[in-house]
Amino acid sequence: MTALVKTDGIRKELAAMLGPLAEQTIEAARSAGKTLDAAVLFGSAAGPSYVSGKSDVNIFMVFDAVDVALLNALRPVFDRWMKKLRARPVVTDRAFISGSADVFPMEFLEWKERSVAFYGENPVGKTPISLENLRLQIEENLRGKRLRLIQASLEIGSKPAKFQPFLESALSTFATIFRNILRLAGSPAAGAGDPDSVIAGVESLAGFKLSAFRELSAMKKSKTKAPAGKLETVFQSYLTELDSLTEFVDNMEVGG
């Protein structure tokens, strides 16, 4: 595993996998005339919430440049590792990293605070993030989610067998948004891995309850199936709480 330059903070089972992956990626990139600058583990795999065999192993890889030749060379390597990783690595280049922090502040903060470089240096470690850009992206995500929830209600209907899984599937995205609301406020709870702790942190910050989010989270954990009438009530509360949270973020005053 000569390509693996850092194992601190990485589980042994993942380290054993990431070394060969990095080596094969470097060789594939070289065959396409490209260079791997950095490979970074991020998300649950870089924190305490990772569950072996269930959680995705999320990785982003930064190359000197990305073109079709590189993608063609990487495809068979990533296909080979797909079963173990459960998610294809995010592929980007130096130009993207240097020019995108203003439009993807949430993603960059997730990468900065929930990541470990296992090859090269973490390229987002010293990237400055504008708090106002972060606030705008959070608001855009909240408003976009509301539109998608309403559209899904029209497309799927209120039948629990389809609509409940959709609502529950959105919780992971909201958890990311909530963490970034806490980051925006400078809260130390921003890095908390437990979704319920993140919800509690946002409730404390905003000054109102997110009961529908809590209820959906509980149903997802317990695999409880809600009857149609109950689900409609939860959905209405979901929208109401989302509106309140969007207004709160819209009125947040931040610097920089």
# chains A, B, ... in the order shown; residues from 1 in each chain; ligands from 1

$ select_by_dssp --residues "segment 24-128 of chain A" --states "strand (DSSP E or B)" --output "short mmCIF file (atom, residue, chain, number, x, y, z; two decimals) with N, CA and C atoms, in the first residue's frame"
data_model
loop_
_atom_site.label_atom_id
_atom_site.label_comp_id
_atom_site.auth_asym_id
_atom_site.auth_seq_id
_atom_site.Cartn_x
_atom_site.Cartn_y
_atom_site.Cartn_z
N LEU A 36 -2.82 12.16 -10.10
CA LEU A 36 -3.68 12.26 -8.93
C LEU A 36 -2.99 13.16 -7.91
N ASP A 37 -3.63 14.28 -7.55
CA ASP A 37 -3.06 15.20 -6.56
C ASP A 37 -3.43 14.80 -5.14
N ALA A 38 -4.71 14.40 -4.96
CA ALA A 38 -5.18 14.08 -3.61
C ALA A 38 -6.38 13.15 -3.68
N ALA A 39 -6.50 12.31 -2.65
CA ALA A 39 -7.66 11.44 -2.49
C ALA A 39 -8.11 11.57 -1.04
N VAL A 40 -9.39 11.89 -0.85
CA VAL A 40 -9.90 12.24 0.47
C VAL A 40 -11.15 11.46 0.81
N LEU A 41 -11.15 10.86 1.98
CA LEU A 41 -12.31 10.16 2.52
C LEU A 41 -13.19 11.20 3.20
N PHE A 42 -14.51 11.21 2.91
CA PHE A 42 -15.37 12.19 3.55
C PHE A 42 -16.72 11.56 3.93
N ASN A 58 -17.50 7.30 0.95
CA ASN A 58 -17.45 8.45 0.06
C ASN A 58 -16.03 9.00 -0.06
N ILE A 59 -15.62 9.22 -1.29
CA ILE A 59 -14.26 9.68 -1.60
C ILE A 59 -14.33 10.76 -2.66
N PHE A 60 -13.52 11.81 -2.51
CA PHE A 60 -13.33 12.69 -3.66
C PHE A 60 -11.85 12.69 -4.02
N MET A 61 -11.61 12.72 -5.34
CA MET A 61 -10.26 12.66 -5.87
C MET A 61 -10.01 13.88 -6.74
N VAL A 62 -8.86 14.51 -6.51
CA VAL A 62 -8.50 15.71 -7.25
C VAL A 62 -7.32 15.40 -8.16
N PHE A 63 -7.50 15.68 -9.46
CA PHE A 63 -6.46 15.45 -10.46
C PHE A 63 -5.96 16.78 -11.00
N VAL A 90 -16.03 10.91 -6.21
CA VAL A 90 -16.23 12.19 -6.87
C VAL A 90 -14.91 12.58 -7.52
N VAL A 91 -14.94 12.86 -8.81
CA VAL A 91 -13.73 13.18 -9.56
C VAL A 91 -13.76 14.65 -9.94
N THR A 92 -12.71 15.36 -9.59
CA THR A 92 -12.62 16.77 -9.92
C THR A 92 -11.16 17.14 -10.18
N ASP A 93 -10.91 18.43 -10.42
CA ASP A 93 -9.54 18.86 -10.71
C ASP A 93 -9.20 20.13 -9.95
N SER A 115 -13.65 15.00 6.83
CA SER A 115 -12.84 14.35 5.81
C SER A 115 -11.44 14.05 6.33
N VAL A 116 -10.81 13.06 5.70
CA VAL A 116 -9.43 12.68 6.00
C VAL A 116 -8.73 12.38 4.67
N ALA A 117 -7.64 13.06 4.42
CA ALA A 117 -6.88 12.79 3.19
C ALA A 117 -6.07 11.51 3.37
N PHE A 118 -6.20 10.57 2.46
CA PHE A 118 -5.39 9.35 2.54
C PHE A 118 -4.34 9.31 1.44
N TYR A 119 -4.37 10.29 0.55
CA TYR A 119 -3.29 10.46 -0.43
C TYR A 119 -3.15 11.94 -0.71
#

$ closest_atom_pairs --of "segment 43-111 of chain A" --to "segment 167-175 of chain A" --cutoff "12 Å" --atoms "only C-alpha atoms" --output "tab-separated table"
residue	atom	partner	partner_atom	distance
A:Gly43	CA	A:Ser172	CA	11.5
A:Ser44	CA	A:Ser172	CA	11.4
A:Met106	CA	A:Thr173	CA	11.4
A:Glu107	CA	A:Thr173	CA	11.6
A:Glu110	CA	A:Ala175	CA	11.5

$ closest_residue --among "A:Glu232, A:Glu13, A:Asp250, A:Asp243" --to "Val57 of chain A" --atoms "only C-alpha atoms"
A:Glu13

$ closest_residue --among "A:Ala185, A:Val51, A:Ala16, A:Val68" --to "Ala29 of chain A" --atoms "only C-alpha atoms"
A:Val68

$ closest_residue --among "A:Arg183, A:Lys159, A:Arg75, A:Lys34" --to "Val202 of chain A" --atoms "only C-alpha atoms"
A:Arg183

$ residues_around --residues "Ala161 of chain A" --least-positions-apart "5" --cutoff "10 Å" --atoms "only C-alpha atoms" --output "list in words"
Ile156, Phe166, Lys225, Ala226, Pro227 and Ala228 of chain A

$ closest_residue --among "A:Gly19, A:Asp79, A:Asp102, A:Arg114" --to "Asn133 of chain A" --atoms "only C-alpha atoms"
A:Asp102

$ residues_around --residues "Val254 of chain A" --least-positions-apart "2" --cutoff "9 Å" --atoms "only C-alpha atoms" --output "VMD selection string"
chain A and resid 131 to 132 135 184 to 185 252 256

$ write_last_selection --atoms "C-alpha atoms" --output "PDB file, in the first residue's frame"
ATOM      1  CA  LEU A 131     -20.626  32.967   5.359  1.00  0.00           C
ATOM      2  CA  GLU A 132     -23.009  34.978   3.200  1.00  0.00           C
ATOM      3  CA  ARG A 135     -26.397  31.403   3.962  1.00  0.00           C
ATOM      4  CA  LEU A 184     -23.404  29.429   9.901  1.00  0.00           C
ATOM      5  CA  ALA A 185     -24.239  30.339  13.492  1.00  0.00           C
ATOM      6  CA  MET A 252     -29.961  35.519   9.648  1.00  0.00           C
ATOM      7  CA  GLY A 256     -18.139  37.900   5.335  1.00  0.00           C
TER       8      GLY A 256
END

$ select_by_dssp --residues "segment 29-247 of chain A" --states "helix (DSSP H, G or I)" --output "ChimeraX atom specification"
/A:29-31,43-46,68-85,94-99,105-113,131-156,160-169,171-184,188-191,195-206,211-222,228-247

$ write_last_selection --atoms "C-alpha atoms" --output "CSV table (one decimal), in the first residue's frame"
chain,number,residue,atom,x,y,z
A,29,ALA,CA,-4.4,8.3,-14.3
A,30,ARG,CA,-0.8,7.9,-15.5
A,31,SER,CA,-2.0,5.8,-18.5
A,43,GLY,CA,-18.8,11.8,5.1
A,44,SER,CA,-19.8,9.0,7.5
A,45,ALA,CA,-16.7,7.0,6.6
A,46,ALA,CA,-14.5,9.7,8.0
A,68,VAL,CA,-12.5,12.0,-21.3
A,69,ALA,CA,-9.3,10.0,-21.5
A,70,LEU,CA,-9.0,10.1,-17.7
A,71,LEU,CA,-12.6,9.2,-17.2
A,72,ASN,CA,-12.3,6.2,-19.5
A,73,ALA,CA,-9.2,5.1,-17.6
A,74,LEU,CA,-10.8,5.4,-14.2
A,75,ARG,CA,-14.1,3.7,-15.1
A,76,PRO,CA,-12.9,0.1,-14.8
A,77,VAL,CA,-11.0,0.8,-11.6
A,78,PHE,CA,-14.1,2.3,-10.0
A,79,ASP,CA,-16.3,-0.5,-11.3
A,80,ARG,CA,-13.9,-3.0,-9.7
A,81,TRP,CA,-14.3,-1.3,-6.3
A,82,MET,CA,-18.0,-0.4,-6.5
A,83,LYS,CA,-19.3,-3.3,-4.4
A,84,LYS,CA,-17.0,-2.3,-1.4
A,85,LEU,CA,-17.3,1.4,-1.8
A,94,ARG,CA,-7.5,21.7,-9.4
A,95,ALA,CA,-9.4,24.4,-11.3
A,96,PHE,CA,-12.7,23.2,-9.8
A,97,ILE,CA,-11.4,23.3,-6.3
A,98,SER,CA,-9.9,26.8,-6.6
A,99,GLY,CA,-13.0,28.3,-8.3
A,105,PRO,CA,-19.8,26.4,0.4
A,106,MET,CA,-21.9,23.6,2.0
A,107,GLU,CA,-20.1,20.9,0.2
A,108,PHE,CA,-16.7,22.5,0.9
A,109,LEU,CA,-17.5,22.8,4.6
A,110,GLU,CA,-18.6,19.1,4.7
A,111,TRP,CA,-15.4,18.2,3.0
A,112,LYS,CA,-13.3,20.4,5.4
A,113,GLU,CA,-14.9,19.2,8.6
A,131,LEU,CA,-20.6,33.0,5.4
A,132,GLU,CA,-23.0,35.0,3.2
A,133,ASN,CA,-22.5,32.5,0.3
A,134,LEU,CA,-23.2,29.7,2.8
A,135,ARG,CA,-26.4,31.4,4.0
A,136,LEU,CA,-27.6,31.8,0.4
A,137,GLN,CA,-26.9,28.2,-0.5
A,138,ILE,CA,-28.7,27.0,2.6
A,139,GLU,CA,-31.7,29.1,1.7
A,140,GLU,CA,-31.7,27.9,-1.9
A,141,ASN,CA,-31.6,24.3,-0.7
A,142,LEU,CA,-34.5,24.8,1.7
A,143,ARG,CA,-36.6,26.5,-0.9
A,144,GLY,CA,-35.7,24.0,-3.5
A,145,LYS,CA,-36.6,21.1,-1.1
A,146,ARG,CA,-40.0,22.7,-0.5
A,147,LEU,CA,-40.7,22.8,-4.2
A,148,ARG,CA,-39.6,19.2,-4.6
A,149,LEU,CA,-41.8,18.0,-1.7
A,150,ILE,CA,-44.9,19.6,-3.2
A,151,GLN,CA,-44.1,18.2,-6.6
A,152,ALA,CA,-43.6,14.7,-5.2
A,153,SER,CA,-46.9,15.0,-3.4
A,154,LEU,CA,-48.6,15.7,-6.8
A,155,GLU,CA,-46.6,12.9,-8.5
A,156,ILE,CA,-46.8,10.2,-5.9
A,160,PRO,CA,-47.9,5.8,2.5
A,161,ALA,CA,-46.3,2.9,0.6
A,162,LYS,CA,-44.7,5.4,-1.8
A,163,PHE,CA,-44.8,8.8,-0.1
A,164,GLN,CA,-43.4,7.9,3.3
A,165,PRO,CA,-40.2,6.4,1.8
A,166,PHE,CA,-39.8,9.6,-0.2
A,167,LEU,CA,-40.2,11.8,2.8
A,168,GLU,CA,-37.8,9.7,4.8
A,169,SER,CA,-35.2,9.7,2.0
A,171,LEU,CA,-33.9,13.4,5.8
A,172,SER,CA,-30.3,12.8,5.1
A,173,THR,CA,-30.2,15.9,2.9
A,174,PHE,CA,-31.9,17.9,5.6
A,175,ALA,CA,-29.3,16.7,8.1
A,176,THR,CA,-26.6,18.2,5.9
A,177,ILE,CA,-28.5,21.5,5.6
A,178,PHE,CA,-29.1,21.5,9.4
A,179,ARG,CA,-25.4,21.0,10.1
A,180,ASN,CA,-24.6,23.9,7.9
A,181,ILE,CA,-27.2,26.1,9.6
A,182,LEU,CA,-25.3,25.4,12.8
A,183,ARG,CA,-22.0,26.1,11.1
A,184,LEU,CA,-23.4,29.4,9.9
A,188,PRO,CA,-19.9,23.7,18.0
A,189,ALA,CA,-22.7,21.2,17.4
A,190,ALA,CA,-22.3,21.5,13.7
A,191,GLY,CA,-20.0,18.5,13.5
A,195,PRO,CA,-29.1,13.5,13.2
A,196,ASP,CA,-31.3,13.9,16.3
A,197,SER,CA,-28.6,16.0,17.9
A,198,VAL,CA,-28.4,18.2,14.8
A,199,ILE,CA,-32.1,18.7,14.9
A,200,ALA,CA,-32.0,19.6,18.5
A,201,GLY,CA,-29.2,22.1,17.8
A,202,VAL,CA,-31.2,23.8,15.1
A,203,GLU,CA,-34.3,23.9,17.3
A,204,SER,CA,-32.4,25.6,20.1
A,205,LEU,CA,-30.9,28.1,17.6
A,206,ALA,CA,-34.1,28.9,15.8
A,211,SER,CA,-41.6,18.0,15.4
A,212,ALA,CA,-42.4,16.6,12.0
A,213,PHE,CA,-38.7,16.1,11.2
A,214,ARG,CA,-38.3,14.2,14.5
A,215,GLU,CA,-41.4,12.1,13.9
A,216,LEU,CA,-40.2,11.1,10.4
A,217,SER,CA,-36.8,10.3,11.8
A,218,ALA,CA,-38.3,8.1,14.5
A,219,MET,CA,-40.5,6.3,11.9
A,220,LYS,CA,-37.5,5.7,9.7
A,221,LYS,CA,-35.5,4.3,12.6
A,222,SER,CA,-38.3,2.0,13.8
A,228,ALA,CA,-52.5,7.8,5.1
A,229,GLY,CA,-54.3,10.3,7.4
A,230,LYS,CA,-51.4,10.4,9.8
A,231,LEU,CA,-48.9,10.9,7.0
A,232,GLU,CA,-50.8,13.9,5.6
A,233,THR,CA,-50.8,15.5,9.0
A,234,VAL,CA,-47.0,14.9,9.3
A,235,PHE,CA,-46.5,16.3,5.8
A,236,GLN,CA,-48.4,19.5,6.5
A,237,SER,CA,-46.3,20.0,9.7
A,238,TYR,CA,-43.2,19.2,7.6
A,239,LEU,CA,-44.0,22.1,5.2
A,240,THR,CA,-44.9,24.5,8.0
A,241,GLU,CA,-41.7,23.8,9.8
A,242,LEU,CA,-39.7,24.1,6.6
A,243,ASP,CA,-41.3,27.5,5.9
A,244,SER,CA,-40.4,28.7,9.4
A,245,LEU,CA,-36.9,27.5,9.1
A,246,THR,CA,-36.5,29.1,5.6
A,247,GLU,CA,-37.7,32.4,7.0

$ atom_distance --atom1 "atom CA of Glu27 of chain A" --atom2 "atom CA of Asp67 of chain A"
15.9 Å
